[in-house]
$ cat work27.txt   # compact mmCIF, C-alpha atoms
# COMPACT_ATOMS: atom_id res chain seq x y z
CA MET J 1 19.44 26.67 22.33
CA GLU J 2 17.52 26.61 25.55
CA GLU J 3 14.22 24.76 25.36
CA LYS J 4 11.46 25.29 27.83
CA GLU J 5 8.97 22.59 28.73
CA ILE J 6 7.29 21.70 25.43
CA SER J 7 3.92 20.00 25.45
CA GLN J 8 3.60 16.56 23.90
CA ALA J 9 0.92 18.02 21.63
CA VAL J 10 3.46 20.34 20.01
CA ILE J 11 6.06 17.55 19.86
CA GLY J 12 3.43 15.38 18.22
CA ARG J 13 3.14 17.90 15.39
CA LEU J 14 6.87 18.27 14.72
CA PRO J 15 7.32 15.08 12.67
CA ARG J 16 4.73 16.25 10.19
CA TYR J 17 6.45 19.62 9.80
CA PHE J 18 9.68 17.71 9.32
CA ARG J 19 8.19 15.57 6.54
CA TYR J 20 6.68 18.52 4.66
CA LEU J 21 9.86 20.56 4.94
CA GLY J 22 11.84 17.55 3.73
CA GLU J 23 9.70 17.39 0.62
CA LEU J 24 10.00 21.14 0.01
CA LYS J 25 13.75 20.82 0.40
CA ASP J 26 13.84 17.91 -2.08
CA GLN J 27 11.86 20.05 -4.51
CA GLY J 28 14.46 22.82 -4.21
CA VAL J 29 12.19 25.28 -2.42
CA GLU J 30 14.40 27.69 -0.45
CA ARG J 31 11.94 29.71 1.57
CA ILE J 32 8.32 29.59 2.61
CA SER J 33 5.94 31.88 4.46
CA SER J 34 3.83 30.59 7.34
CA GLN J 35 0.85 31.39 5.09
CA ASP J 36 2.02 29.10 2.31
CA LEU J 37 3.10 26.38 4.70
CA SER J 38 -0.33 26.69 6.28
CA GLY J 39 -2.08 26.15 2.95
CA LEU J 40 0.10 23.17 2.18
CA MET J 41 -0.23 21.46 5.54
CA LYS J 42 -3.81 22.54 6.29
CA VAL J 43 -2.98 23.92 9.72
CA THR J 44 -3.44 27.59 10.58
CA ALA J 45 -0.51 29.94 10.08
CA SER J 46 -0.99 31.01 13.68
CA GLN J 47 -0.58 27.42 14.91
CA ILE J 48 2.63 27.12 12.90
CA ARG J 49 4.02 30.32 14.37
CA GLN J 50 3.00 29.36 17.89
CA ASP J 51 4.54 25.92 17.55
CA PHE J 52 7.83 27.31 16.25
CA ASN J 53 7.89 29.97 18.94
CA ASN J 54 8.52 27.17 21.42
CA PHE J 55 11.93 26.85 19.82
CA GLY J 56 12.89 30.45 19.27
CA GLY J 57 10.72 31.33 16.28
CA PHE J 58 13.01 30.49 13.35
CA GLY J 59 11.46 32.90 10.89
CA GLN J 60 12.18 36.46 9.91
CA GLN J 61 9.62 39.18 9.37
CA GLY J 62 8.96 39.60 5.69
CA TYR J 63 11.17 36.66 4.74
CA GLY J 64 9.28 33.71 6.11
CA TYR J 65 11.24 30.56 6.90
CA ASN J 66 14.38 29.22 5.30
CA VAL J 67 13.34 25.68 4.40
CA GLU J 68 16.67 23.92 4.80
CA TYR J 69 17.47 25.69 8.07
CA LEU J 70 14.04 24.93 9.51
CA TYR J 71 14.26 21.32 8.37
CA ASN J 72 17.64 20.88 10.04
CA GLU J 73 16.60 22.63 13.24
CA ILE J 74 13.45 20.55 13.63
CA GLY J 75 15.54 17.48 12.83
CA LYS J 76 17.88 18.35 15.70
CA ILE J 77 15.00 18.96 18.09
CA LEU J 78 13.62 15.55 17.17
CA GLY J 79 17.03 14.02 17.78
CA LEU J 80 17.33 12.95 14.16
CA ASP J 81 20.81 14.38 13.71
CA ARG J 82 22.17 11.40 15.54
CA GLN J 83 21.89 7.74 14.87
CA HIS J 84 19.77 5.35 16.93
CA ASN J 85 20.25 1.59 16.92
CA PHE J 86 17.09 -0.43 17.31
CA ILE J 87 16.08 -4.04 17.71
CA ILE J 88 12.71 -5.61 17.08
CA VAL J 89 11.25 -8.03 19.59
CA GLY J 90 8.72 -10.31 17.93
CA ALA J 91 9.36 -11.50 14.37
CA GLY J 92 5.74 -11.90 13.29
CA ASN J 93 4.31 -10.05 10.33
CA LEU J 94 4.33 -6.66 12.02
CA GLY J 95 7.87 -7.02 13.35
CA ARG J 96 9.14 -8.07 9.94
CA ALA J 97 7.23 -5.26 8.25
CA LEU J 98 8.95 -2.74 10.52
CA GLY J 99 12.33 -4.36 9.88
CA ASN J 100 11.74 -3.77 6.19
CA TYR J 101 10.81 -0.08 6.50
CA LEU J 102 13.63 1.70 4.70
CA ASN J 103 12.23 5.06 5.72
CA PHE J 104 13.48 4.58 9.26
CA GLU J 105 17.07 4.39 8.04
CA ARG J 106 16.68 7.73 6.28
CA ARG J 107 15.80 9.21 9.67
CA GLY J 108 18.86 7.70 11.34
CA PHE J 109 17.10 4.70 12.93
CA ILE J 110 19.26 1.69 12.16
CA PHE J 111 17.83 -1.81 12.34
CA ARG J 112 20.36 -4.02 14.14
CA GLY J 113 18.60 -7.15 15.37
CA ILE J 114 15.33 -9.06 15.56
CA PHE J 115 14.30 -11.64 18.14
CA ASP J 116 11.61 -14.24 18.64
CA CYS J 117 10.87 -17.31 20.77
CA ASP J 118 9.44 -19.38 17.90
CA PRO J 119 12.09 -21.92 16.81
CA LYS J 120 10.58 -22.03 13.29
CA LEU J 121 11.59 -18.42 12.75
CA MET J 122 15.23 -18.75 13.72
CA GLY J 123 17.62 -17.70 11.03
CA MET J 124 14.88 -16.14 8.87
CA LYS J 125 16.28 -13.07 7.18
CA VAL J 126 14.72 -9.66 7.51
CA ARG J 127 16.76 -7.63 5.06
CA ASP J 128 20.32 -8.58 6.07
CA VAL J 129 19.50 -9.38 9.69
CA SER J 130 18.68 -12.90 10.93
CA VAL J 131 16.04 -13.67 13.52
CA MET J 132 17.73 -14.64 16.78
CA PRO J 133 16.39 -16.45 19.84
CA MET J 134 15.20 -14.43 22.83
CA GLU J 135 18.02 -15.87 24.96
CA GLU J 136 20.55 -13.86 22.94
CA MET J 137 18.69 -10.57 23.26
CA GLU J 138 20.10 -9.25 26.52
CA HIS J 139 23.71 -9.80 25.52
CA PHE J 140 23.06 -8.34 22.06
CA ILE J 141 21.61 -5.13 23.51
CA ARG J 142 24.68 -4.56 25.66
CA GLU J 143 27.15 -5.54 22.93
CA HIS J 144 25.65 -3.32 20.24
CA ASN J 145 24.63 -0.22 22.17
CA ILE J 146 20.98 -0.59 21.31
CA ASP J 147 18.94 2.53 22.16
CA ILE J 148 15.45 1.52 21.12
CA ALA J 149 13.47 -1.71 21.29
CA VAL J 150 10.41 -2.12 19.10
CA LEU J 151 7.86 -4.39 20.79
CA THR J 152 5.74 -6.34 18.34
CA ILE J 153 4.68 -9.23 20.53
CA PRO J 154 1.31 -10.23 22.05
CA LYS J 155 0.23 -8.47 25.27
CA THR J 156 0.83 -11.51 27.45
CA GLY J 157 4.63 -11.41 27.30
CA ALA J 158 5.08 -7.68 26.87
CA ILE J 159 5.50 -6.51 30.45
CA ASP J 160 8.14 -9.13 31.29
CA VAL J 161 10.02 -8.46 28.09
CA ALA J 162 9.94 -4.72 28.76
CA GLU J 163 11.46 -5.33 32.18
CA LYS J 164 14.31 -7.38 30.66
CA LEU J 165 14.93 -4.69 28.07
CA VAL J 166 15.16 -1.97 30.68
CA GLN J 167 17.44 -4.06 32.91
CA ASN J 168 19.84 -4.38 29.99
CA GLY J 169 20.11 -0.75 29.13
CA ILE J 170 17.27 -0.04 26.70
CA ARG J 171 16.12 3.52 27.33
CA ALA J 172 13.25 3.72 24.86
CA ILE J 173 10.52 1.37 23.75
CA TRP J 174 8.31 1.69 20.71
CA ASN J 175 5.38 -0.34 21.84
CA PHE J 176 2.85 -1.99 19.51
CA ALA J 177 1.54 -4.39 22.16
CA HIS J 178 -1.81 -3.20 23.50
CA VAL J 179 -0.78 -2.96 27.09
CA ASP J 180 0.68 -0.32 29.41
CA LEU J 181 4.26 -1.22 30.12
CA ASN J 182 4.74 0.48 33.51
CA VAL J 183 8.42 1.23 33.06
CA PRO J 184 10.58 3.14 35.55
CA GLU J 185 10.79 6.90 35.24
CA GLY J 186 13.33 8.01 32.69
CA ILE J 187 12.51 5.20 30.28
CA GLN J 188 10.70 6.59 27.24
CA VAL J 189 7.75 4.68 25.83
CA GLU J 190 5.79 5.50 22.72
CA ASN J 191 2.61 3.44 22.45
CA VAL J 192 1.24 2.85 18.96
CA HIS J 193 -2.47 2.28 18.53
CA LEU J 194 -3.06 1.60 14.86
CA SER J 195 -6.79 1.42 15.39
CA ASP J 196 -6.87 5.11 16.43
CA SER J 197 -6.12 6.10 12.87
CA LEU J 198 -8.75 3.70 11.55
CA MET J 199 -11.29 5.19 13.96
CA LYS J 200 -10.56 8.67 12.60
CA LEU J 201 -11.28 7.33 9.14
CA SER J 202 -14.51 5.83 10.38
CA TYR J 203 -15.57 9.23 11.77
CA ASN J 204 -14.83 10.89 8.44
CA ILE J 205 -16.79 8.24 6.54
CA ARG J 206 -19.78 8.79 8.78
CA LYS J 207 -19.52 12.54 8.44
CA GLY J 208 -19.18 12.25 4.66
CA GLN J 209 -22.40 10.28 4.44
CA LYS J 210 -24.87 12.65 6.09
CA PRO J 211 -26.42 15.00 3.52
CA GLU J 212 -27.68 17.45 6.13
CA GLU J 213 -24.20 17.91 7.59
CA ILE J 214 -22.57 21.31 7.45
CA GLU J 215 -20.25 21.33 4.45
CA ASP J 216 -16.72 20.37 5.40
CA GLY J 217 -14.43 23.28 4.60
CA GLY J 218 -11.19 21.39 4.71
CA THR J 219 -9.03 18.83 6.50
CA MET G 1 -27.74 15.19 17.69
CA GLU G 2 -26.61 18.09 15.61
CA GLU G 3 -22.86 18.32 15.20
CA LYS G 4 -21.14 21.50 14.24
CA GLU G 5 -17.92 21.57 12.28
CA ILE G 6 -15.45 19.64 14.48
CA SER G 7 -11.73 20.14 13.99
CA GLN G 8 -9.58 17.19 12.99
CA ALA G 9 -7.52 17.85 16.11
CA VAL G 10 -10.51 17.05 18.33
CA ILE G 11 -11.45 14.07 16.17
CA GLY G 12 -7.89 12.87 16.47
CA ARG G 13 -8.28 12.72 20.25
CA LEU G 14 -11.57 10.83 20.30
CA PRO G 15 -10.13 7.33 19.68
CA ARG G 16 -7.96 7.63 22.77
CA TYR G 17 -10.94 8.66 24.91
CA PHE G 18 -12.78 5.69 23.45
CA ARG G 19 -10.00 3.32 24.40
CA TYR G 20 -9.69 4.57 27.96
CA LEU G 21 -13.46 4.55 28.50
CA GLY G 22 -13.58 1.04 27.08
CA GLU G 23 -11.07 -0.10 29.68
CA LEU G 24 -12.94 1.67 32.51
CA LYS G 25 -16.14 0.01 31.32
CA ASP G 26 -14.42 -3.41 31.26
CA GLN G 27 -13.24 -2.77 34.83
CA GLY G 28 -16.83 -2.06 35.89
CA VAL G 29 -16.31 1.65 36.57
CA GLU G 30 -19.68 3.39 36.24
CA ARG G 31 -18.85 7.06 36.51
CA ILE G 32 -15.82 9.28 36.31
CA SER G 33 -15.12 12.97 36.86
CA SER G 34 -13.22 14.99 34.28
CA GLN G 35 -10.58 15.39 37.00
CA ASP G 36 -10.03 11.66 37.38
CA LEU G 37 -10.19 11.04 33.65
CA SER G 38 -7.63 13.83 33.31
CA GLY G 39 -5.26 12.14 35.77
CA LEU G 40 -5.65 8.83 34.00
CA MET G 41 -5.18 10.12 30.47
CA LYS G 42 -2.69 12.89 31.27
CA VAL G 43 -4.66 15.56 29.46
CA THR G 44 -6.11 18.57 31.26
CA ALA G 45 -9.66 18.34 32.62
CA SER G 46 -10.39 21.54 30.72
CA GLN G 47 -9.30 19.94 27.42
CA ILE G 48 -11.60 17.00 28.12
CA ARG G 49 -14.54 19.28 28.83
CA GLN G 50 -13.85 21.43 25.78
CA ASP G 51 -13.55 18.39 23.55
CA PHE G 52 -16.81 16.90 24.80
CA ASN G 53 -18.58 20.25 24.52
CA ASN G 54 -18.29 19.85 20.75
CA PHE G 55 -20.82 17.05 21.10
CA GLY G 56 -23.19 18.47 23.66
CA GLY G 57 -21.17 18.08 26.82
CA PHE G 58 -22.27 14.63 28.03
CA GLY G 59 -21.55 15.22 31.72
CA GLN G 60 -23.62 16.45 34.61
CA GLN G 61 -22.54 18.94 37.22
CA GLY G 62 -21.49 17.11 40.35
CA TYR G 63 -21.90 13.71 38.75
CA GLY G 64 -19.16 13.64 36.18
CA TYR G 65 -19.58 11.33 33.23
CA ASN G 66 -21.41 8.05 32.97
CA VAL G 67 -18.74 5.76 31.55
CA GLU G 68 -20.90 3.43 29.49
CA TYR G 69 -22.99 6.26 28.07
CA LEU G 70 -19.93 8.28 27.12
CA TYR G 71 -18.25 5.22 25.62
CA ASN G 72 -21.30 4.49 23.47
CA GLU G 73 -21.78 8.09 22.41
CA ILE G 74 -18.16 8.50 21.37
CA GLY G 75 -18.41 5.16 19.61
CA LYS G 76 -21.38 6.47 17.61
CA ILE G 77 -19.58 9.70 16.75
CA LEU G 78 -16.65 7.66 15.50
CA GLY G 79 -19.02 5.55 13.43
CA LEU G 80 -18.14 2.42 15.38
CA ASP G 81 -21.75 1.42 15.99
CA ARG G 82 -21.91 0.14 12.48
CA GLN G 83 -19.86 -2.40 10.66
CA HIS G 84 -17.31 -1.57 7.99
CA ASN G 85 -16.02 -4.11 5.50
CA PHE G 86 -12.41 -3.65 4.48
CA ILE G 87 -9.95 -5.14 2.04
CA ILE G 88 -6.18 -4.99 2.10
CA VAL G 89 -4.27 -4.18 -1.05
CA GLY G 90 -0.72 -5.50 -0.82
CA ALA G 91 -0.09 -8.81 0.93
CA GLY G 92 3.44 -8.10 2.13
CA ASN G 93 4.37 -8.22 5.79
CA LEU G 94 2.50 -5.05 6.71
CA GLY G 95 -0.65 -6.03 4.84
CA ARG G 96 -0.67 -9.46 6.47
CA ALA G 97 0.04 -7.94 9.88
CA LEU G 98 -3.02 -5.72 9.52
CA GLY G 99 -5.12 -8.66 8.34
CA ASN G 100 -4.19 -10.42 11.56
CA TYR G 101 -5.12 -7.53 13.87
CA LEU G 102 -8.06 -8.89 15.83
CA ASN G 103 -8.57 -5.53 17.51
CA PHE G 104 -10.08 -4.12 14.35
CA GLU G 105 -12.88 -6.65 14.45
CA ARG G 106 -13.74 -5.55 18.01
CA ARG G 107 -14.27 -2.06 16.61
CA GLY G 108 -16.55 -3.33 13.82
CA PHE G 109 -13.96 -3.33 11.04
CA ILE G 110 -14.33 -6.66 9.28
CA PHE G 111 -11.51 -8.05 7.15
CA ARG G 112 -13.04 -9.39 3.93
CA GLY G 113 -10.29 -9.72 1.31
CA ILE G 114 -6.62 -9.26 0.53
CA PHE G 115 -5.01 -8.73 -2.86
CA ASP G 116 -1.58 -8.77 -4.41
CA CYS G 117 0.08 -8.94 -7.83
CA ASP G 118 2.79 -11.41 -6.79
CA PRO G 119 1.84 -14.87 -8.09
CA LYS G 120 3.86 -16.52 -5.29
CA LEU G 121 1.42 -15.12 -2.72
CA MET G 122 -1.78 -16.36 -4.34
CA GLY G 123 -3.84 -18.55 -2.08
CA MET G 124 -1.77 -17.73 1.02
CA LYS G 125 -4.08 -17.58 4.00
CA VAL G 126 -4.34 -14.56 6.23
CA ARG G 127 -6.59 -15.81 9.00
CA ASP G 128 -9.43 -17.37 7.00
CA VAL G 129 -9.04 -15.16 3.94
CA SER G 130 -6.95 -16.15 0.89
CA VAL G 131 -4.76 -13.74 -1.03
CA MET G 132 -6.39 -13.01 -4.39
CA PRO G 133 -4.96 -11.55 -7.60
CA MET G 134 -5.37 -7.82 -8.30
CA GLU G 135 -7.57 -8.64 -11.33
CA GLU G 136 -10.32 -9.85 -8.98
CA MET G 137 -10.25 -6.78 -6.76
CA GLU G 138 -12.67 -4.51 -8.59
CA HIS G 139 -15.40 -7.13 -8.85
CA PHE G 140 -14.86 -8.16 -5.24
CA ILE G 141 -15.33 -4.60 -4.00
CA ARG G 142 -18.65 -4.28 -5.75
CA GLU G 143 -19.86 -7.77 -4.82
CA HIS G 144 -19.07 -7.44 -1.12
CA ASN G 145 -19.95 -3.82 -0.37
CA ILE G 146 -16.43 -2.95 0.71
CA ASP G 147 -16.24 0.43 2.45
CA ILE G 148 -12.56 0.74 3.21
CA ALA G 149 -9.40 -0.23 1.36
CA VAL G 150 -6.14 -0.48 3.27
CA LEU G 151 -3.19 0.37 1.03
CA THR G 152 -0.02 -1.43 1.98
CA ILE G 153 1.84 -1.31 -1.32
CA PRO G 154 4.94 0.59 -2.47
CA LYS G 155 4.51 4.23 -3.54
CA THR G 156 4.96 3.51 -7.22
CA GLY G 157 1.63 1.75 -7.74
CA ALA G 158 -0.38 3.54 -5.09
CA ILE G 159 -1.93 6.37 -7.08
CA ASP G 160 -3.19 4.10 -9.88
CA VAL G 161 -4.56 1.58 -7.42
CA ALA G 162 -6.31 4.35 -5.49
CA GLU G 163 -7.99 5.49 -8.70
CA LYS G 164 -9.25 1.95 -9.41
CA LEU G 165 -10.54 1.65 -5.87
CA VAL G 166 -12.46 4.89 -6.09
CA GLN G 167 -13.90 4.00 -9.51
CA ASN G 168 -15.32 0.82 -8.00
CA GLY G 169 -17.05 2.39 -5.07
CA ILE G 170 -14.45 2.56 -2.28
CA ARG G 171 -15.20 5.66 -0.26
CA ALA G 172 -12.33 5.51 2.23
CA ILE G 173 -8.68 4.60 2.04
CA TRP G 174 -6.35 3.85 4.92
CA ASN G 175 -3.07 4.66 3.30
CA PHE G 176 0.29 3.31 4.43
CA ALA G 177 2.06 4.14 1.16
CA HIS G 178 4.19 7.28 1.55
CA VAL G 179 2.53 9.26 -1.17
CA ASP G 180 -0.37 11.70 -1.44
CA LEU G 181 -3.23 9.98 -3.20
CA ASN G 182 -5.02 13.00 -4.73
CA VAL G 183 -8.49 11.47 -4.58
CA PRO G 184 -11.68 13.26 -5.57
CA GLU G 185 -13.54 15.28 -2.98
CA GLY G 186 -15.79 13.15 -0.82
CA ILE G 187 -13.35 10.25 -0.70
CA GLN G 188 -11.85 9.96 2.78
CA VAL G 189 -8.17 9.23 3.13
CA GLU G 190 -6.26 8.63 6.33
CA ASN G 191 -2.50 8.65 5.79
CA VAL G 192 -0.40 6.67 8.24
CA HIS G 193 3.18 7.73 8.87
CA LEU G 194 4.66 5.22 11.26
CA SER G 195 7.90 7.17 11.44
CA ASP G 196 6.09 10.12 13.07
CA SER G 197 5.63 8.10 16.21
CA LEU G 198 9.27 6.97 16.13
CA MET G 199 10.36 10.59 15.76
CA LYS G 200 8.38 11.53 18.89
CA LEU G 201 10.25 8.80 20.72
CA SER G 202 13.52 10.16 19.42
CA TYR G 203 12.64 13.62 20.78
CA ASN G 204 11.86 12.17 24.18
CA ILE G 205 15.12 10.20 24.24
CA ARG G 206 17.05 13.36 23.48
CA LYS G 207 15.18 15.33 26.08
CA GLY G 208 15.71 12.57 28.64
CA GLN G 209 19.45 12.70 28.12
CA LYS G 210 20.19 16.36 28.87
CA PRO G 211 20.94 16.87 32.57
CA GLU G 212 20.44 20.62 32.41
CA GLU G 213 16.91 20.23 31.03
CA ILE G 214 13.98 21.48 33.05
CA GLU G 215 12.51 18.48 34.86
CA ASP G 216 9.71 16.87 32.89
CA GLY G 217 6.52 17.15 34.90
CA GLY G 218 4.57 14.55 33.03
CA THR G 219 3.58 13.15 29.65
$ encode --input "work27.txt" --output "structure tokens"
Amino acid sequence: MEEKEISQAVIGRLPRYFRYLGELKDQGVERISSQDLSGLMKVTASQIRQDFNNFGGFGQQGYGYNVEYLYNEIGKILGLDRQHNFIIVGAGNLGRALGNYLNFERRGFIFRGIFDCDPKLMGMKVRDVSVMPMEEMEHFIREHNIDIAVLTIPKTGAIDVAEKLVQNGIRAIWNFAHVDLNVPEGIQVENVHLSDSLMKLSYNIRKGQKPEEIEDGGT
Amino acid sequence: MEEKEISQAVIGRLPRYFRYLGELKDQGVERISSQDLSGLMKVTASQIRQDFNNFGGFGQQGYGYNVEYLYNEIGKILGLDRQHNFIIVGAGNLGRALGNYLNFERRGFIFRGIFDCDPKLMGMKVRDVSVMPMEEMEHFIREHNIDIAVLTIPKTGAIDVAEKLVQNGIRAIWNFAHVDLNVPEGIQVENVHLSDSLMKLSYNIRKGQKPEEIEDGGT
């Protein structure tokens, strides 16, 4: 299927569609209209249709969408029909938390290794994977065909580590360090800013507290 | 300033504006045009203007935006000009990682307490806060005017815990458990799905690998 240039905004919405469709599929729902999906997900039916039109539409007039088909197609677009091997760099609390996330495995993201420079952490187990020293990282990446590196280290070391990762064949970085990595073109970086989500919550708290506010009609 | 009904999509973009403006402010930049902000943030100048028009516009023709003013105004809209006390429920790796995030404090989110049901974790320090048993949580919330509870526990207990939190005065939950909390109206919930961000990365990896793809013009 030929894909035109899709905006990151649309791509940003696909995982949520994928999650909802996964739940519908688990519940045995076979088909759903854009109207019903809209009510469930609290996005407009027109947004849903526009988003899916980027990929050929998927639905049929009068039928709506076939849940399993849509789920699989979005999964393929997101690259979830193939496996990705990842390592975690930085075995602090956040790194270990991510190593323990079983949900990633369900999506085809397989946790292969975890690295740190703190000698006290060496050999610590995160699930069935032991923390290894940074010196072993480059060789490990090449040996085990690692696609993705998750960066859960302080800002100070992040840029140098990112360079090493790229030199050794890493093509994608999931970055939790609060710094721009400046990687060469072609290397994919996804920056995670946990505080963004907390700031959204803060907005909603503030809005919820003002009695003279216009009544909130929904999400 | 009167605010009309703002979509969650616009609200979702405000934290990123806030972050970029914060950095410009730290660098001593006094004013910026929507064009330059657009180049920096890789969103269209027209999106920036439309987003800010929800809040009265902010800019001046020919001048652009005053960085510090805009930063402060967006901060107020996001409710960051006041302090929020939060507790963490679930002292596993993720809970402890969040307790250690100093960035939250910078935004006025103050870490006050952390709770767990595992006796082995009692008294463990997360920064200068000790892990407390679940039995003390309800009293603590009332005693310390806690606004926000961060839920970093498995799905199975999440709904019951959320109920307890709400009964004791929590008005906002930052939810990392992969389950819908079904809270009463007026209670704010922000659900975090870390795998969404990983799925975006997976899409970009896939797109980066196809030679026949249309060349990606930007973010």
$ interface_residues --input "work27.txt" --of "chain G" --to "chain J" --cutoff "6 Å" --atoms "all atoms listed in the file" --output "PyMOL selection string"
chain G and resi 15+78-79+93-94+97+190+196+201-203+206
$ closest_residue --input "work27.txt" --among "G:Lys42, G:Arg142, G:Lys164, G:Arg112" --to "G:Asp128" --atoms "only C-alpha atoms"
G:Arg112
$ closest_residue --input "work27.txt" --among "G:Ile32, G:Leu151, G:Ile146, G:Val10" --to "G:Asn168" --atoms "only C-alpha atoms"
G:Ile146
$ residues_near_point --input "work27.txt" --point "(-14.2, -3.7, -10.3)" --cutoff "10 Å" --atoms "all atoms listed in the file" --output "list in words"
Met134, Glu135, Glu136, Met137, Glu138, His139, Phe140, Ile141, Arg142, Glu143, Lys164, Leu165, Val166, Gln167, Asn168 and Gly169 of chain G
$ residues_around --input "work27.txt" --residues "J:Val129" --least-positions-apart "5" --cutoff "10 Å" --atoms "only C-alpha atoms" --output "list in words"
Gly99, Phe111, Arg112, Gly113, Ile114, Gly123 and Met124 of chain J
$ residues_near_point --input "work27.txt" --point "(-5.4, -4.3, -1.2)" --cutoff "7 Å" --atoms "all atoms listed in the file" --output "list in words"
Ile87, Ile88, Val89, Gly90, Ile114, Phe115, Asp116, Ala149, Val150, Leu151 and Thr152 of chain G
$ residues_around --input "work27.txt" --residues "G:Val67" --least-positions-apart "6" --cutoff "12 Å" --atoms "only C-alpha atoms" --output "list in words"
Tyr17, Phe18, Arg19, Tyr20, Leu21, Gly22, Glu23, Leu24, Lys25, Asp26, Gln27, Gly28, Val29, Glu30, Arg31, Ile32, Ser33, Ser34, Leu37, Phe58, Gly59, Glu73, Ile74 and Gly75 of chain G
$ write_last_selection --input "work27.txt" --atoms "C-alpha atoms" --output "PDB file, in the coordinates of the input"
ATOM      1  CA  TYR G  17     -10.940   8.660  24.910  1.00  0.00           C
ATOM      2  CA  PHE G  18     -12.780   5.690  23.450  1.00  0.00           C
ATOM      3  CA  ARG G  19     -10.000   3.320  24.400  1.00  0.00           C
ATOM      4  CA  TYR G  20      -9.690   4.570  27.960  1.00  0.00           C
ATOM      5  CA  LEU G  21     -13.460   4.550  28.500  1.00  0.00           C
ATOM      6  CA  GLY G  22     -13.580   1.040  27.080  1.00  0.00           C
ATOM      7  CA  GLU G  23     -11.070  -0.100  29.680  1.00  0.00           C
ATOM      8  CA  LEU G  24     -12.940   1.670  32.510  1.00  0.00           C
ATOM      9  CA  LYS G  25     -16.140   0.010  31.320  1.00  0.00           C
ATOM     10  CA  ASP G  26     -14.420  -3.410  31.260  1.00  0.00           C
ATOM     11  CA  GLN G  27     -13.240  -2.770  34.830  1.00  0.00           C
ATOM     12  CA  GLY G  28     -16.830  -2.060  35.890  1.00  0.00           C
ATOM     13  CA  VAL G  29     -16.310   1.650  36.570  1.00  0.00           C
ATOM     14  CA  GLU G  30     -19.680   3.390  36.240  1.00  0.00           C
ATOM     15  CA  ARG G  31     -18.850   7.060  36.510  1.00  0.00           C
ATOM     16  CA  ILE G  32     -15.820   9.280  36.310  1.00  0.00           C
ATOM     17  CA  SER G  33     -15.120  12.970  36.860  1.00  0.00           C
ATOM     18  CA  SER G  34     -13.220  14.990  34.280  1.00  0.00           C
ATOM     19  CA  LEU G  37     -10.190  11.040  33.650  1.00  0.00           C
ATOM     20  CA  PHE G  58     -22.270  14.630  28.030  1.00  0.00           C
ATOM     21  CA  GLY G  59     -21.550  15.220  31.720  1.00  0.00           C
ATOM     22  CA  GLU G  73     -21.780   8.090  22.410  1.00  0.00           C
ATOM     23  CA  ILE G  74     -18.160   8.500  21.370  1.00  0.00           C
ATOM     24  CA  GLY G  75     -18.410   5.160  19.610  1.00  0.00           C
TER      25      GLY G  75
END
$ atom_distance --input "work27.txt" --atom1 "atom CA of J:Lys120" --atom2 "atom CA of J:Ala91"
10.7 Å
$ atom_distance --input "work27.txt" --atom1 "atom CA of J:Leu70" --atom2 "atom CA of J:Arg106"
17.7 Å
$ atom_distance --input "work27.txt" --atom1 "atom CA of G:Pro154" --atom2 "atom CA of G:Val179"
9.1 Å
$ closest_residue --input "work27.txt" --among "G:Gly62, G:Thr44, G:Phe52, G:Ile170" --to "G:Asn145" --atoms "all atoms listed in the file"
G:Ile170
$ residues_around --input "work27.txt" --residues "stretch 45-51 of chain J" --least-positions-apart "3" --cutoff "6 Å" --atoms "all atoms listed in the file" --output "mmCIF file with C-alpha atoms, in the coordinates of the input"
data_model
loop_
_atom_site.group_PDB
_atom_site.id
_atom_site.type_symbol
_atom_site.label_atom_id
_atom_site.label_comp_id
_atom_site.auth_asym_id
_atom_site.auth_seq_id
_atom_site.Cartn_x
_atom_site.Cartn_y
_atom_site.Cartn_z
ATOM 1 C CA SER J 34 3.830 30.590 7.340
ATOM 2 C CA GLN J 35 0.850 31.390 5.090
ATOM 3 C CA SER J 38 -0.330 26.690 6.280
ATOM 4 C CA ASN J 54 8.520 27.170 21.420
#
$ axis_aligned_box --input "work27.txt" --around "stretch 3-12 of chain J" --padding-each-side "5 Å" --output "JSON"
{"center_x": 7.6, "center_y": 20.3, "center_z": 23.5, "size_x": 23.3, "size_y": 19.9, "size_z": 20.5}
